[in-house]
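Asker: If you scroll down you'll find the structure; I have some questions about it.
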Amino acid sequence: MNGASHKPVIIKSIFAAIVMFLFAIFVLPPLYDLFCEITGIGGKTSGPYQAERLTVDETRLVEVQFVVANNATMPWEFYPVKEKVFIHPGEPKEISYYAKNLTGKDMIGQAIPNILPNNAADYFHKTECFCFNNQPLSAGDDAELMVRFIIDPDLPKSVNTVTLSYTIFDITDRVTDLQMTQL
Amino acid sequence: MAHGPSENFFTRWFFSTNHKDIGTLYLWFSFAMFLLGGAFAMIIRAELFQPGMQLIKPEFFNQMTTMHGLVMVFGAIMPAFVGLANWLIPMMIGAPDMALPRMNNLSFWILPFAFTILVATLFMEGGGPNFGWTFYAPLSTTYAPDTVNYFIFGVHLMGASSIMGSINIIATVMNMRAPGMTYMKMPLFVWTWLITAFLLVAVMPVLAGAVTMMLMDINFGTSFFDAAGGGDPVLFQHVFWFFGHPEVYIIILPAFGVVSQIIPTFSRKPLFGYSSMVYATAAIAFLSFIVWAHHMFTVGMPIAGELYFMYATMLIAVPTGVKVFNWITTMYKGALTFETPMLFCIAFVILFTFGGFTGMMLSIAAADTQYHDTYFVVAHFHYVMVAGAVFSGTAAIYYWLPKWCGRMYDETMGKVQFWLAFIAFNITFMPQHFLGLAGMPRRYSDYGLQFADWNMVSSIGAFMYGGAQLLFLFNVIRTIGWGKPVEDPKVWEGADGLEWTLPTPPPFHTFSTPPVVK
Ligand code: HEM
Ligand SMILES: [Cu+2]
């Protein structure tokens with residue numbers, strides 16, 4: 001057997017290996033996000049909702065709970081001003097959160113929302129949310145952060161309680177790193 | 001033409017392109033890693049001998065569990081079977097050598113570097129990897145020690161080595177079979193390795209992709225796995241197990257191959273259901289790609305996902321059951337003798353099947369909610385990986401070593417080692433089922449008092465098992481150095497296959513002119 005005859009096998013195998021590598025990095029993550037978005041199972045909420053005129057369903061009252069968590073060592077004070085509200089599906093609602101930077105340095109936070117139960121995620125529309133952007137707070141500053149949302153009247157009948165949770169992350173280093181590279 | 005190996009030690013081993021020498025290198029490397037990983041395990045079991053913290057700090061305990069897993073999977077088991085493939089595949093298919101001898105040299109010599117880097121992290125500031133052999137993000141990214149970059153580089157190197165090794169095996173099997181050696185005449189060991197090599201080419205790059213994404217998250221500000229930047233740590237688990245589940249079959253398929261060679265020899269009957277073995281192997285390989293999330297039943301999958309992964313996982317029991325059935329049927333009414341390799345193979349069939357059954361328990365999504373991350377899982381995978389892969393590897397050495405070096409191992413010592421290993425293995429891991437069912441979580445350096453008794457039993461078993469391996473090492477060295485020359489060049493009268501038609505020990509170059517297979 002001479003070496004030449006092995007070439008097709010080697011080339012095909014290496015090609016397959018490279019394809020699988022690229023698949024892992026460039027296809028799997030977007031595929032995963034897409035899958036979660038379509039099925040709504042990640043509990044991720046979508047971006048700003050273009051307000052449509054929804055008919056308010058007076059016959060239902062949905063309990064919406066607000067919970068927050070600080071990620072790892074995030075030192076801010078962060079809590080919802082109200083812990084829960086009862087609303088009719090289709091009715092716009094504004095709620096707020098309080099955040100205070102307790103440290104002596106300027107920081108940037110980022111709140112990441114999540115909805116439970118999973119099958120409610122597609123029916124929780126945020127028309128405005130502080131979480132669409134990051135939240136810079138100077139040393140010792142505080143702020144009131146707004147969320148406007150509507151519960152879609154198509155919310156599955158089995159869901160009577162929706163929990164909106166925010167985890168707040170410290171992204172100061174990440175943002176400054178990015179700015180450094182952009183300079 | 002009949003030149004032997006180089007006289008010079010350095011040129012012979014470092015520049016070797018001979019499949020037998022490289023096979024030997026792989027096997028010794030793997031045994032060294034087996035002892036190193038075993039030493040880590042002894043440290044773990046010594047700490048867990050009693051409740052409370054006695055010997056080491058929790059941080060170091062975490063490094064030990066992580067390194068034990070990594071070294072055993074990637075350093076001991078995988079290279080051991082690549083070593084067997086190197087020695088045996090050319091001799092089994094009537095080829096003069098591997099298809100790509102120089103790449104063969106490279107794929108071996110990468111490994112010592114990869115593992116030196118990995119093990120060296122233990123001595124660096126911050127310590128070695130401490131996030132478990134499954135290195136879930138964010139433990140392995142946001143909270144990782146600084147040495148994680150060495151770990152990533154080490155994994156890249158191991159992956160490259162495995163991929164090169166697999167390409168070599170694929171090219172050898174596809175292009176270098178002797179005239180008349182059709183695919184359906186190939187020994188099962190060759191078949192299982194061919195399929196394993198395809199699995200490796202498909203999933204090692206996915207592992208490389210996973211660590212590359214980690215690397216970018218850690219060093220270049222991306223957020224594949226970081227929720228703060230819009231990523232998702234659960235994605236890591238999907239990517240990892242998309243590699244990880246096929247990986248467990250990469251480990252076990254060549255072991256199936258070994259057992260399928262040895263059982264017929266000592267049953268003095270041809271393997272029962274050869275073609276169903278081939279198809280079952282292919283079916284297992286295929287199924288291994290579509291069941292990965294059975295490791296993730298507790299991440300919060302929707303019910304449809306849980307059910308799908310549960311049933312798909314259970315499906316694997318069908319081809320696996322076919323194999324077990326065939327091994328047992330091969331033995332049925334055979335003229336059985338119980339030499340050491342056969343003992344290890346019979347133990348393999350019994351204990352591996354046991355591990356398969358606990359796998360079936362774990363595959364029940366609802367039950368796994370309780371079993372997950374307990375010692376029950378630890379017991380499960382040690383039944384399939386130690387009593388499966390390691391027992392079959394040991395059987396392979398006892399079976400082929402006399403052929404390779406022309407000297408017989410000490411049968412009594414072999415049997416003593418077998419019974420010691422068999423009993424010690426069960427003392428070590430059987431109680432871990434009880435501990436897991438009683439709720440003892442895995443990967444902790446301490447435990448509640450109610451778990452004390454079985455942990456002590458398990459530790460005693462582990463020390464015995466470690467001792468059995470030293471006996472094995474001694475027996476192998478004794479055989480190579482001072483063993484009695486084998487009388488019958490065929491070694492085992494029931495053996496069948498091209499490798500047994502060669503002189504014993506086989507010359508440095510074999511099948512320079514291909515044999516004709518009828
Ligand atoms: C009938 C066959 C099998 C079934 C149904 C099965 C099922 C499972 C399931 C459901 C788990 C996840 C348990 C949990 O984390 O809660 C698991 C874990 C595991 N299995 Fe199996 N398994 C089988 C065979 C094997 C084989 C052949 C191997 C390797 C040789 C293996 C190696 C492992 C390993 C290493 C883990 C644990 C990984 C970790 O979390 O560290 N399994 N198995
Ligand atoms: Cu699995």
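By order of appearance in the structure tokens: chains A, B, ..., then residues from 1 within every chain, and ligands from 1 in the order shown.
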Could you list, as a PDB file with N, CA, C and O atoms, in the first residue's frame, all the residues within 7 Å of ligand 2, counting only C-alpha atoms and all ligand atoms?
Answerer:
```
ATOM      1  N   GLY B 244     -19.971  13.998  25.519  1.00  0.00           N
ATOM      2  CA  GLY B 244     -19.745  13.108  26.644  1.00  0.00           C
ATOM      3  C   GLY B 244     -20.432  11.764  26.538  1.00  0.00           C
ATOM      4  O   GLY B 244     -19.851  10.741  26.894  1.00  0.00           O
ATOM      5  N   HIS B 245     -21.657  11.744  26.044  1.00  0.00           N
ATOM      6  CA  HIS B 245     -22.271  10.428  25.975  1.00  0.00           C
ATOM      7  C   HIS B 245     -21.627   9.533  24.921  1.00  0.00           C
ATOM      8  O   HIS B 245     -21.269   8.405  25.231  1.00  0.00           O
ATOM      9  N   VAL B 248     -18.575   7.899  26.359  1.00  0.00           N
ATOM     10  CA  VAL B 248     -18.646   6.693  27.186  1.00  0.00           C
ATOM     11  C   VAL B 248     -18.705   5.456  26.299  1.00  0.00           C
ATOM     12  O   VAL B 248     -18.212   4.394  26.668  1.00  0.00           O
ATOM     13  N   VAL B 291     -28.998  10.795  22.872  1.00  0.00           N
ATOM     14  CA  VAL B 291     -29.499  10.578  24.237  1.00  0.00           C
ATOM     15  C   VAL B 291     -28.808  11.466  25.274  1.00  0.00           C
ATOM     16  O   VAL B 291     -29.014  11.279  26.462  1.00  0.00           O
ATOM     17  N   TRP B 292     -27.998  12.438  24.799  1.00  0.00           N
ATOM     18  CA  TRP B 292     -27.074  13.084  25.727  1.00  0.00           C
ATOM     19  C   TRP B 292     -27.740  13.720  26.938  1.00  0.00           C
ATOM     20  O   TRP B 292     -27.162  13.739  28.023  1.00  0.00           O
ATOM     21  N   HIS B 294     -29.771  12.791  28.974  1.00  0.00           N
ATOM     22  CA  HIS B 294     -30.114  12.009  30.167  1.00  0.00           C
ATOM     23  C   HIS B 294     -29.168  12.337  31.322  1.00  0.00           C
ATOM     24  O   HIS B 294     -29.403  11.921  32.439  1.00  0.00           O
ATOM     25  N   HIS B 295     -28.110  13.099  31.026  1.00  0.00           N
ATOM     26  CA  HIS B 295     -27.250  13.582  32.111  1.00  0.00           C
ATOM     27  C   HIS B 295     -27.786  14.882  32.692  1.00  0.00           C
ATOM     28  O   HIS B 295     -27.193  15.438  33.608  1.00  0.00           O
TER      29      HIS B 295
END
```
Asker: When DSSP is applied to the backbone of this structure, which of stretch 2-161 of chain A are assigned strand (DSSP E or B)? Write them out as a ChimeraX atom specification.
Answerer: /A:62-70,77-80,84-87,93-100,107-116,124-129,135-137,142-151,161
Asker: Find the residue from A:Ile150, A:Ala72, A:Met20, A:Val175 that sits nearest to A:Thr55; use only C-alpha atoms when measuring.
Answerer: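 That would be A:Ile150, the residue with the smallest distance to A:Thr55.
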Asker: Distance limit 7 Å, reference ligand 1, atoms considered: only C-alpha atoms and all ligand atoms. Which residues make the cut? Give them as a PDB file with C-alpha atoms, in the first residue's frame.
Answerer:
```
ATOM      1  CA  TRP B 133     -14.124  16.026  35.110  1.00  0.00           C
ATOM      2  CA  THR B 134     -17.263  17.346  33.388  1.00  0.00           C
ATOM      3  CA  VAL B 248     -18.646   6.693  27.186  1.00  0.00           C
ATOM      4  CA  TYR B 249     -19.245   4.448  24.188  1.00  0.00           C
ATOM      5  CA  ILE B 251     -14.571   3.846  26.045  1.00  0.00           C
ATOM      6  CA  ILE B 252     -16.719   0.749  26.051  1.00  0.00           C
ATOM      7  CA  HIS B 294     -30.114  12.009  30.167  1.00  0.00           C
ATOM      8  CA  HIS B 295     -27.250  13.582  32.111  1.00  0.00           C
ATOM      9  CA  MET B 296     -29.329  16.722  32.446  1.00  0.00           C
ATOM     10  CA  THR B 313     -31.839   6.152  26.527  1.00  0.00           C
ATOM     11  CA  MET B 314     -33.787   3.043  27.357  1.00  0.00           C
ATOM     12  CA  ILE B 316     -29.805   1.600  24.077  1.00  0.00           C
ATOM     13  CA  ALA B 317     -30.477  -1.358  26.313  1.00  0.00           C
ATOM     14  CA  THR B 320     -26.553  -3.805  24.460  1.00  0.00           C
ATOM     15  CA  GLY B 355     -23.914  -1.411  35.481  1.00  0.00           C
ATOM     16  CA  GLY B 356     -26.284  -1.409  32.532  1.00  0.00           C
ATOM     17  CA  PHE B 357     -29.165  -2.124  34.879  1.00  0.00           C
ATOM     18  CA  GLY B 359     -28.081   2.823  33.968  1.00  0.00           C
ATOM     19  CA  MET B 360     -31.644   1.817  33.230  1.00  0.00           C
ATOM     20  CA  LEU B 362     -30.924   6.326  36.074  1.00  0.00           C
ATOM     21  CA  SER B 363     -32.601   6.703  32.717  1.00  0.00           C
ATOM     22  CA  ASP B 368     -33.079  10.301  38.377  1.00  0.00           C
ATOM     23  CA  TYR B 371     -30.333   9.672  42.055  1.00  0.00           C
ATOM     24  CA  HIS B 372     -28.679  12.496  40.163  1.00  0.00           C
ATOM     25  CA  ASP B 373     -25.378  13.713  41.609  1.00  0.00           C
ATOM     26  CA  VAL B 377     -24.249   7.611  39.717  1.00  0.00           C
ATOM     27  CA  VAL B 378     -20.658   7.107  40.834  1.00  0.00           C
ATOM     28  CA  HIS B 380     -23.103   3.128  38.034  1.00  0.00           C
ATOM     29  CA  PHE B 381     -20.269   4.479  35.992  1.00  0.00           C
ATOM     30  CA  VAL B 384     -19.427   0.146  33.430  1.00  0.00           C
ATOM     31  CA  MET B 385     -16.033   1.793  33.221  1.00  0.00           C
ATOM     32  CA  GLY B 388     -16.241  -2.855  31.903  1.00  0.00           C
ATOM     33  CA  ALA B 389     -13.337  -1.106  30.258  1.00  0.00           C
TER      34      ALA B 389
END
```
Asker: Identify, on the basis of only C-alpha atoms, every residue whose closest approach to B:Gln54 does not exceed 12 Å; exclude the query and any residue fewer than 6 positions from it along the same chain; express the result as a PDB file with all heavy atoms, in the first residue's frame.
Answerer:
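The result, written out as result.pdb:
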```
ATOM      1  N   ILE B  43      -6.120   8.880  47.516  1.00  0.00           N
ATOM      2  CA  ILE B  43      -6.200  10.076  48.366  1.00  0.00           C
ATOM      3  C   ILE B  43      -7.658  10.391  48.677  1.00  0.00           C
ATOM      4  O   ILE B  43      -8.032  10.668  49.824  1.00  0.00           O
ATOM      5  CB  ILE B  43      -5.508  11.273  47.671  1.00  0.00           C
ATOM      6  CG1 ILE B  43      -4.011  10.989  47.528  1.00  0.00           C
ATOM      7  CG2 ILE B  43      -5.751  12.561  48.457  1.00  0.00           C
ATOM      8  CD1 ILE B  43      -3.244  12.037  46.758  1.00  0.00           C
ATOM      9  N   ILE B  44      -8.502  10.298  47.632  1.00  0.00           N
ATOM     10  CA  ILE B  44      -9.935  10.572  47.830  1.00  0.00           C
ATOM     11  C   ILE B  44     -10.511   9.601  48.865  1.00  0.00           C
ATOM     12  O   ILE B  44     -11.178   9.995  49.817  1.00  0.00           O
ATOM     13  CB  ILE B  44     -10.699  10.425  46.499  1.00  0.00           C
ATOM     14  CG1 ILE B  44     -10.249  11.484  45.502  1.00  0.00           C
ATOM     15  CG2 ILE B  44     -12.207  10.512  46.729  1.00  0.00           C
ATOM     16  CD1 ILE B  44     -10.783  11.259  44.093  1.00  0.00           C
ATOM     17  N   ARG B  45     -10.220   8.291  48.663  1.00  0.00           N
ATOM     18  CA  ARG B  45     -10.820   7.301  49.562  1.00  0.00           C
ATOM     19  C   ARG B  45     -10.232   7.391  50.962  1.00  0.00           C
ATOM     20  O   ARG B  45     -10.898   7.069  51.943  1.00  0.00           O
ATOM     21  CB  ARG B  45     -10.656   5.881  49.017  1.00  0.00           C
ATOM     22  CG  ARG B  45     -11.567   5.437  47.880  1.00  0.00           C
ATOM     23  CD  ARG B  45     -13.035   5.764  47.953  1.00  0.00           C
ATOM     24  NE  ARG B  45     -13.703   5.682  49.238  1.00  0.00           N
ATOM     25  CZ  ARG B  45     -14.954   6.082  49.448  1.00  0.00           C
ATOM     26  NH1 ARG B  45     -15.680   6.583  48.458  1.00  0.00           N
ATOM     27  NH2 ARG B  45     -15.497   5.988  50.640  1.00  0.00           N
ATOM     28  N   ALA B  46      -8.984   7.810  51.070  1.00  0.00           N
ATOM     29  CA  ALA B  46      -8.398   7.962  52.404  1.00  0.00           C
ATOM     30  C   ALA B  46      -9.109   9.084  53.153  1.00  0.00           C
ATOM     31  O   ALA B  46      -9.437   8.956  54.330  1.00  0.00           O
ATOM     32  CB  ALA B  46      -6.901   8.240  52.295  1.00  0.00           C
ATOM     33  N   GLU B  47      -9.375  10.179  52.445  1.00  0.00           N
ATOM     34  CA  GLU B  47     -10.084  11.286  53.098  1.00  0.00           C
ATOM     35  C   GLU B  47     -11.501  10.866  53.480  1.00  0.00           C
ATOM     36  O   GLU B  47     -12.025  11.265  54.523  1.00  0.00           O
ATOM     37  CB  GLU B  47     -10.103  12.505  52.169  1.00  0.00           C
ATOM     38  CG  GLU B  47     -10.869  13.696  52.715  1.00  0.00           C
ATOM     39  CD  GLU B  47     -10.364  14.152  54.087  1.00  0.00           C
ATOM     40  OE1 GLU B  47      -9.155  14.381  54.202  1.00  0.00           O
ATOM     41  OE2 GLU B  47     -11.197  14.260  55.022  1.00  0.00           O
ATOM     42  N   LEU B  48     -12.129  10.041  52.640  1.00  0.00           N
ATOM     43  CA  LEU B  48     -13.511   9.646  52.908  1.00  0.00           C
ATOM     44  C   LEU B  48     -13.608   8.426  53.818  1.00  0.00           C
ATOM     45  O   LEU B  48     -14.694   7.924  54.070  1.00  0.00           O
ATOM     46  CB  LEU B  48     -14.239   9.361  51.582  1.00  0.00           C
ATOM     47  CG  LEU B  48     -14.432  10.557  50.658  1.00  0.00           C
ATOM     48  CD1 LEU B  48     -15.102  10.137  49.365  1.00  0.00           C
ATOM     49  CD2 LEU B  48     -15.246  11.647  51.340  1.00  0.00           C
ATOM     50  N   PHE B  61      -9.217  18.337  47.714  1.00  0.00           N
ATOM     51  CA  PHE B  61     -10.112  17.207  47.439  1.00  0.00           C
ATOM     52  C   PHE B  61     -10.789  17.398  46.078  1.00  0.00           C
ATOM     53  O   PHE B  61     -10.846  16.479  45.254  1.00  0.00           O
ATOM     54  CB  PHE B  61     -11.164  17.106  48.548  1.00  0.00           C
ATOM     55  CG  PHE B  61     -12.090  15.937  48.399  1.00  0.00           C
ATOM     56  CD1 PHE B  61     -11.783  14.714  48.981  1.00  0.00           C
ATOM     57  CD2 PHE B  61     -13.258  16.044  47.662  1.00  0.00           C
ATOM     58  CE1 PHE B  61     -12.640  13.625  48.842  1.00  0.00           C
ATOM     59  CE2 PHE B  61     -14.118  14.961  47.515  1.00  0.00           C
ATOM     60  CZ  PHE B  61     -13.797  13.751  48.107  1.00  0.00           C
ATOM     61  N   SER B 445     -16.073  16.504  50.187  1.00  0.00           N
ATOM     62  CA  SER B 445     -14.951  15.953  50.926  1.00  0.00           C
ATOM     63  C   SER B 445     -15.370  15.444  52.302  1.00  0.00           C
ATOM     64  O   SER B 445     -14.559  14.923  53.037  1.00  0.00           O
ATOM     65  CB  SER B 445     -13.872  17.019  51.082  1.00  0.00           C
ATOM     66  OG  SER B 445     -14.458  18.189  51.606  1.00  0.00           O
ATOM     67  N   ASP B 446     -16.627  15.631  52.656  1.00  0.00           N
ATOM     68  CA  ASP B 446     -17.082  15.219  53.983  1.00  0.00           C
ATOM     69  C   ASP B 446     -18.514  14.717  53.850  1.00  0.00           C
ATOM     70  O   ASP B 446     -19.159  14.935  52.822  1.00  0.00           O
ATOM     71  CB  ASP B 446     -17.026  16.434  54.931  1.00  0.00           C
ATOM     72  CG  ASP B 446     -17.167  16.015  56.391  1.00  0.00           C
ATOM     73  OD1 ASP B 446     -17.236  14.800  56.658  1.00  0.00           O
ATOM     74  OD2 ASP B 446     -17.221  16.912  57.253  1.00  0.00           O
TER      75      ASP B 446
END
```
Asker: Mind listing as a VMD selection string which residues of chain A are within 10 Å of chain B, counting only C-alpha atoms?
Answerer: chain A and resid 1 to 3 5 to 26 28 to 30 32 to 33 39 to 42 44 71 to 72 109 to 113 118 to 119 167 to 171 173 to 175 177 to 178
Asker: Could you save the residues just selected, with N, CA and C atoms, as a compact mmCIF listing (two decimals), in the first residue's frame?
Answerer:
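Once everything was written out, this is result-v9.txt:
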```txt
# COMPACT_ATOMS: atom_id res chain seq x y z
N MET A 1 0.85 -1.20 0.00
CA MET A 1 0.00 0.00 0.00
C MET A 1 0.88 1.24 0.00
N ASN A 2 0.69 2.15 -0.93
CA ASN A 2 1.45 3.37 -0.86
C ASN A 2 0.62 4.47 -0.20
N GLY A 3 1.34 5.52 0.21
CA GLY A 3 0.68 6.58 0.98
C GLY A 3 -0.43 7.27 0.22
N SER A 5 -2.84 6.36 -1.59
CA SER A 5 -4.20 5.84 -1.53
C SER A 5 -4.89 6.18 -0.22
N HIS A 6 -4.13 6.62 0.79
CA HIS A 6 -4.76 6.99 2.05
C HIS A 6 -5.32 8.40 2.02
N LYS A 7 -4.90 9.16 1.01
CA LYS A 7 -5.26 10.58 0.98
C LYS A 7 -6.75 10.84 1.10
N PRO A 8 -7.59 10.19 0.29
CA PRO A 8 -9.03 10.49 0.38
C PRO A 8 -9.57 10.29 1.80
N VAL A 9 -9.17 9.21 2.44
CA VAL A 9 -9.66 8.95 3.79
C VAL A 9 -9.22 10.04 4.75
N ILE A 10 -7.93 10.41 4.64
CA ILE A 10 -7.41 11.43 5.56
C ILE A 10 -8.15 12.74 5.34
N ILE A 11 -8.29 13.11 4.07
CA ILE A 11 -8.93 14.40 3.79
C ILE A 11 -10.37 14.40 4.28
N LYS A 12 -11.08 13.33 4.02
CA LYS A 12 -12.48 13.29 4.46
C LYS A 12 -12.58 13.34 5.99
N SER A 13 -11.69 12.60 6.66
CA SER A 13 -11.77 12.59 8.12
C SER A 13 -11.45 13.96 8.70
N ILE A 14 -10.39 14.59 8.17
CA ILE A 14 -10.02 15.90 8.70
C ILE A 14 -11.14 16.89 8.42
N PHE A 15 -11.71 16.78 7.23
CA PHE A 15 -12.82 17.65 6.89
C PHE A 15 -13.97 17.46 7.89
N ALA A 16 -14.29 16.20 8.17
CA ALA A 16 -15.37 15.91 9.11
C ALA A 16 -15.05 16.50 10.48
N ALA A 17 -13.79 16.36 10.92
CA ALA A 17 -13.41 16.87 12.23
C ALA A 17 -13.56 18.39 12.27
N ILE A 18 -13.12 19.06 11.20
CA ILE A 18 -13.22 20.53 11.19
C ILE A 18 -14.69 20.95 11.19
N VAL A 19 -15.50 20.26 10.40
CA VAL A 19 -16.92 20.59 10.37
C VAL A 19 -17.54 20.44 11.76
N MET A 20 -17.18 19.36 12.47
CA MET A 20 -17.76 19.16 13.80
C MET A 20 -17.29 20.24 14.78
N PHE A 21 -16.04 20.67 14.63
CA PHE A 21 -15.52 21.74 15.50
C PHE A 21 -16.31 23.03 15.28
N LEU A 22 -16.45 23.39 13.99
CA LEU A 22 -17.19 24.61 13.68
C LEU A 22 -18.65 24.47 14.09
N PHE A 23 -19.17 23.28 13.92
CA PHE A 23 -20.55 23.00 14.32
C PHE A 23 -20.74 23.29 15.81
N ALA A 24 -19.77 22.84 16.61
CA ALA A 24 -19.89 23.03 18.06
C ALA A 24 -19.89 24.50 18.43
N ILE A 25 -19.05 25.29 17.75
CA ILE A 25 -18.91 26.69 18.16
C ILE A 25 -19.94 27.60 17.49
N PHE A 26 -20.18 27.36 16.20
CA PHE A 26 -20.99 28.33 15.47
C PHE A 26 -22.42 27.87 15.21
N LEU A 28 -24.15 25.03 17.23
CA LEU A 28 -24.87 24.60 18.43
C LEU A 28 -25.40 25.76 19.29
N PRO A 29 -24.56 26.77 19.62
CA PRO A 29 -25.10 27.84 20.46
C PRO A 29 -26.29 28.58 19.84
N PRO A 30 -26.19 29.04 18.56
CA PRO A 30 -27.38 29.70 17.99
C PRO A 30 -28.57 28.75 17.90
N TYR A 32 -29.27 26.35 19.87
CA TYR A 32 -29.81 26.24 21.23
C TYR A 32 -30.70 27.45 21.54
N ASP A 33 -30.17 28.65 21.23
CA ASP A 33 -30.96 29.86 21.49
C ASP A 33 -32.25 29.84 20.70
N THR A 39 -39.49 27.40 21.52
CA THR A 39 -40.28 26.64 22.47
C THR A 39 -40.52 27.42 23.75
N GLY A 40 -39.77 28.51 23.94
CA GLY A 40 -39.92 29.32 25.14
C GLY A 40 -39.41 28.64 26.39
N ILE A 41 -38.63 27.54 26.24
CA ILE A 41 -38.28 26.77 27.43
C ILE A 41 -37.14 27.35 28.23
N GLY A 42 -36.36 28.25 27.65
CA GLY A 42 -35.26 28.82 28.44
C GLY A 42 -35.79 29.77 29.51
N LYS A 44 -36.47 32.67 28.86
CA LYS A 44 -35.97 33.99 28.50
C LYS A 44 -37.11 34.81 27.92
N ASN A 71 -26.06 38.19 41.64
CA ASN A 71 -25.15 37.14 41.23
C ASN A 71 -23.85 37.24 42.02
N ALA A 72 -23.37 36.08 42.48
CA ALA A 72 -22.07 35.96 43.11
C ALA A 72 -21.79 37.11 44.06
N GLY A 109 -24.14 47.54 36.19
CA GLY A 109 -24.85 46.28 36.44
C GLY A 109 -25.64 45.86 35.22
N GLN A 110 -25.99 44.61 35.18
CA GLN A 110 -26.86 44.13 34.11
C GLN A 110 -27.82 43.14 34.72
N ALA A 111 -29.12 43.42 34.56
CA ALA A 111 -30.12 42.49 35.09
C ALA A 111 -30.57 41.56 33.98
N ILE A 112 -30.62 40.25 34.29
CA ILE A 112 -31.05 39.26 33.30
C ILE A 112 -32.38 38.68 33.77
N PRO A 113 -33.41 38.84 32.93
CA PRO A 113 -34.74 38.38 33.34
C PRO A 113 -34.97 36.91 33.05
N ASN A 118 -42.14 28.09 32.47
CA ASN A 118 -41.55 28.27 31.16
C ASN A 118 -42.58 28.61 30.09
N ASN A 119 -43.75 27.98 30.19
CA ASN A 119 -44.71 28.19 29.11
C ASN A 119 -45.42 29.53 29.21
N THR A 167 -31.79 38.46 37.83
CA THR A 167 -30.51 38.29 38.50
C THR A 167 -29.63 39.44 38.06
N ILE A 168 -29.06 40.15 39.01
CA ILE A 168 -28.22 41.29 38.62
C ILE A 168 -26.75 40.90 38.68
N PHE A 169 -26.05 41.19 37.59
CA PHE A 169 -24.64 40.83 37.44
C PHE A 169 -23.79 42.08 37.45
N ASP A 170 -22.58 41.94 37.94
CA ASP A 170 -21.60 43.02 37.86
C ASP A 170 -20.86 42.89 36.54
N ILE A 171 -21.09 43.83 35.62
CA ILE A 171 -20.40 43.70 34.32
C ILE A 171 -19.43 44.86 34.10
N ASP A 173 -16.22 45.22 34.66
CA ASP A 173 -14.97 44.87 33.99
C ASP A 173 -15.19 44.55 32.53
N ARG A 174 -16.28 43.80 32.29
CA ARG A 174 -16.57 43.40 30.91
C ARG A 174 -16.76 44.63 30.02
N VAL A 175 -17.53 45.61 30.52
CA VAL A 175 -17.81 46.79 29.71
C VAL A 175 -16.55 47.61 29.52
N ASP A 177 -13.52 46.58 29.60
CA ASP A 177 -12.65 45.84 28.69
C ASP A 177 -13.05 46.11 27.25
N LEU A 178 -14.35 46.07 27.01
CA LEU A 178 -14.83 46.28 25.65
C LEU A 178 -14.48 47.68 25.17
```
Asker: Which residues come within 7 Å of stretch 80-82 of chain A, counting only C-alpha atoms, excluding same-chain residues fewer than 5 positions away, as a ChimeraX atom specification?
Answerer: /A:66,96-98
Asker: Produce a file of the selected residues containing N, CA, C and O atoms, as an mmCIF file, in the first residue's frame.
Answerer:
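Output below, filename selection-v8.cif:
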```
data_model
loop_
_atom_site.group_PDB
_atom_site.id
_atom_site.type_symbol
_atom_site.label_atom_id
_atom_site.label_comp_id
_atom_site.auth_asym_id
_atom_site.auth_seq_id
_atom_site.Cartn_x
_atom_site.Cartn_y
_atom_site.Cartn_z
ATOM 1 N N PHE A 66 -42.541 39.164 41.755
ATOM 2 C CA PHE A 66 -41.226 39.676 41.354
ATOM 3 C C PHE A 66 -40.175 39.200 42.330
ATOM 4 O O PHE A 66 -40.300 39.447 43.533
ATOM 5 N N SER A 96 -41.652 48.987 39.477
ATOM 6 C CA SER A 96 -40.289 49.507 39.556
ATOM 7 C C SER A 96 -39.445 48.733 40.565
ATOM 8 O O SER A 96 -39.965 48.044 41.444
ATOM 9 N N TYR A 97 -38.169 48.859 40.370
ATOM 10 C CA TYR A 97 -37.173 48.227 41.231
ATOM 11 C C TYR A 97 -36.281 49.312 41.802
ATOM 12 O O TYR A 97 -36.077 50.354 41.176
ATOM 13 N N TYR A 98 -35.729 49.043 42.954
ATOM 14 C CA TYR A 98 -34.798 49.991 43.553
ATOM 15 C C TYR A 98 -33.396 49.394 43.515
ATOM 16 O O TYR A 98 -33.207 48.219 43.848
#
```
Asker: Write out as a VMD selection string all residues of stretch 157-298 of chain B that backbone DSSP assigns to helix (DSSP H, G or I).
Answerer: chain B and resid 157 to 175 183 to 185 188 to 219 227 to 229 233 to 267 274 to 287 292 to 295
Asker: What is the atom CA of B:Leu315 to atom CA of B:Lys185 distance in Å?
Answerer: 27.8 Å
Asker: Please provide as a ChimeraX atom specification all residues within 7 Å of stretch 322-337 of chain B, with the sequence filter that same-chain residues fewer than 2 positions apart are discarded (counting only C-alpha atoms).
Answerer: /B:264,266-269,271-273,277,280,318-320,339,349
Asker: Atom CA of A:Val64 to atom CA of A:Thr127: how many Å, to one decimal?
Answerer: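 So the two atoms, atom CA of A:Val64 and atom CA of A:Thr127, lie 16.0 Å apart.
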